[in-house]
$ cat protein_24.cif   # mmCIF, C-alpha atoms
data_start
#
loop_
_atom_site.label_atom_id
_atom_site.label_comp_id
_atom_site.auth_asym_id
_atom_site.auth_seq_id
_atom_site.Cartn_x
_atom_site.Cartn_y
_atom_site.Cartn_z
CA MET A 14 108.99 40.29 176.22
CA PRO A 15 109.22 43.94 175.19
CA GLY A 16 106.97 45.26 177.97
CA SER A 17 108.60 43.44 180.87
CA ARG A 18 111.30 46.06 181.41
CA ASN A 19 108.69 48.82 181.49
CA THR A 20 106.63 46.72 183.90
CA GLU A 21 109.64 46.32 186.17
CA ARG A 22 110.23 50.07 186.16
CA LEU A 23 106.59 50.79 186.97
CA LEU A 24 106.69 48.27 189.81
CA ALA A 25 109.84 49.91 191.19
CA LEU A 26 108.09 53.29 190.99
CA VAL A 27 105.11 51.93 192.94
CA VAL A 28 107.41 50.57 195.64
CA ALA A 29 109.33 53.86 195.83
CA ALA A 30 106.07 55.81 196.07
CA ALA A 31 104.81 53.52 198.83
CA LEU A 32 108.01 54.13 200.76
CA ALA A 33 107.87 57.88 200.12
CA PHE A 34 104.36 58.14 201.58
CA ASN A 35 105.04 55.86 204.55
CA TYR A 36 105.21 57.05 208.15
CA PRO A 37 108.98 57.10 208.86
CA LEU A 38 109.75 59.37 205.92
CA LEU A 39 106.70 61.57 206.47
CA TYR A 40 107.73 62.02 210.09
CA LEU A 41 110.97 63.69 208.96
CA PHE A 42 108.95 66.51 207.38
CA ALA A 43 106.32 66.85 210.11
CA ASP A 44 108.48 68.93 212.46
CA GLY A 45 106.55 72.15 211.82
CA GLY A 46 109.07 73.85 209.55
CA THR A 47 107.97 76.01 206.65
CA LEU A 48 109.16 76.72 203.13
CA PHE A 49 107.97 80.04 201.67
CA GLY A 50 105.22 80.06 204.29
CA TRP A 51 103.97 76.58 203.43
CA PRO A 52 104.28 73.73 205.95
CA LEU A 53 107.16 71.47 205.00
CA LEU A 54 104.97 68.36 205.12
CA VAL A 55 102.54 69.83 202.58
CA VAL A 56 105.39 70.83 200.26
CA TYR A 57 106.88 67.33 200.52
CA LEU A 58 103.56 65.59 199.87
CA PHE A 59 102.63 67.66 196.83
CA SER A 60 106.10 67.62 195.29
CA SER A 61 106.44 63.86 195.82
CA TRP A 62 103.00 63.23 194.36
CA LEU A 63 103.83 65.42 191.34
CA MET A 64 107.08 63.52 190.83
CA VAL A 65 105.26 60.16 190.92
CA ILE A 66 102.72 61.40 188.34
CA VAL A 67 105.41 62.78 186.02
CA LEU A 68 107.55 59.64 186.23
CA THR A 69 104.52 57.43 185.59
CA ALA A 70 103.57 59.50 182.55
CA LEU A 71 107.14 59.35 181.21
CA LEU A 72 107.31 55.59 181.65
CA MET A 73 103.94 55.04 180.01
CA GLU A 74 104.76 57.29 177.04
CA ARG A 75 108.13 55.64 176.60
CA GLY A 76 106.53 52.20 176.61
CA SER A 77 103.77 53.13 174.18
CA SER A 78 106.20 54.68 171.68
CA ARG A 79 108.35 51.57 171.75
CA ARG A 80 105.32 49.35 171.12
CA ALA A 81 104.23 51.55 168.21
CA ASP A 82 107.71 51.38 166.68
CA ALA A 83 107.85 47.62 167.08
CA SER A 84 104.41 47.00 165.59
CA SER A 85 104.76 49.21 162.50
CA PRO A 86 106.47 47.47 159.59
CA ASP A 87 109.37 49.05 157.81
CA GLU A 88 108.65 51.04 154.71
CA ILE A 89 107.41 48.75 152.00
CA THR A 90 108.34 49.78 148.52
CA ALA A 91 106.44 48.72 145.46
CA PRO A 92 108.44 46.58 143.08
CA ASP A 93 109.54 48.27 139.87
CA ASP A 94 107.86 46.91 136.73
#

$ encode --input "protein_24.cif" --output "structure tokens"
Amino acid sequence: MPGSRNTERLLALVVAAALAFNYPLLYLFADGGTLFGWPLLVVYLFSSWLMVIVLTALLMERGSSRRADASSPDEITAPDD
């Protein structure tokens, strides 16, 4: 199946995102530190969320371009008379 590899990658991304937004990892950034005046936890949450969105978009675009390439037939030339 052509989409199964993309499905596996999306599933791995969902699992990684679930782990990234889980308590033990969030606790590491909740110590009250700041980065450019922003709380470290806020910076971590927004940057992680942005990374999940970008990776999802890349995976979906990559999968849709492969399906379009696979479904379009090769150039068909008219026979010479």

$ atom_distance --input "protein_24.cif" --atom1 "CA of Leu58 in chain A" --atom2 "CA of Gly76 in chain A"
27.0 Å

$ residues_around --input "protein_24.cif" --residues "Val65 in chain A" --least-positions-apart "4" --cutoff "8 Å" --atoms "only C-alpha atoms" --output "MDAnalysis selection string"
chainID A and resid 26 30 61 69

$ residues_near_point --input "protein_24.cif" --point "(108.4, 59.7, 190.9)" --cutoff "12 Å" --atoms "only C-alpha atoms" --output "short mmCIF file (atom, residue, chain, number, x, y, z; two decimals) with C-alpha atoms, in the frame of the given file"
data_model
loop_
_atom_site.label_atom_id
_atom_site.label_comp_id
_atom_site.auth_asym_id
_atom_site.auth_seq_id
_atom_site.Cartn_x
_atom_site.Cartn_y
_atom_site.Cartn_z
CA ARG A 22 110.23 50.07 186.16
CA LEU A 23 106.59 50.79 186.97
CA LEU A 24 106.69 48.27 189.81
CA ALA A 25 109.84 49.91 191.19
CA LEU A 26 108.09 53.29 190.99
CA VAL A 27 105.11 51.93 192.94
CA VAL A 28 107.41 50.57 195.64
CA ALA A 29 109.33 53.86 195.83
CA ALA A 30 106.07 55.81 196.07
CA ALA A 31 104.81 53.52 198.83
CA LEU A 32 108.01 54.13 200.76
CA ALA A 33 107.87 57.88 200.12
CA PHE A 34 104.36 58.14 201.58
CA LEU A 58 103.56 65.59 199.87
CA PHE A 59 102.63 67.66 196.83
CA SER A 60 106.10 67.62 195.29
CA SER A 61 106.44 63.86 195.82
CA TRP A 62 103.00 63.23 194.36
CA LEU A 63 103.83 65.42 191.34
CA MET A 64 107.08 63.52 190.83
CA VAL A 65 105.26 60.16 190.92
CA ILE A 66 102.72 61.40 188.34
CA VAL A 67 105.41 62.78 186.02
CA LEU A 68 107.55 59.64 186.23
CA THR A 69 104.52 57.43 185.59
CA ALA A 70 103.57 59.50 182.55
CA LEU A 71 107.14 59.35 181.21
CA LEU A 72 107.31 55.59 181.65
#

$ residues_around --input "protein_24.cif" --residues "Asp44 in chain A" --least-positions-apart "6" --cutoff "10 Å" --atoms "only C-alpha atoms" --output "list of chain:residue names"
A:Pro52, A:Leu53, A:Leu54

$ closest_residue --input "protein_24.cif" --among "A:Glu21, A:Val55, A:Met73, A:Ser78" --to "Leu39 in chain A" --atoms "all atoms listed in the file"
A:Val55

$ atom_distance --input "protein_24.cif" --atom1 "CA of Arg75 in chain A" --atom2 "CA of Asn19 in chain A"
8.4 Å
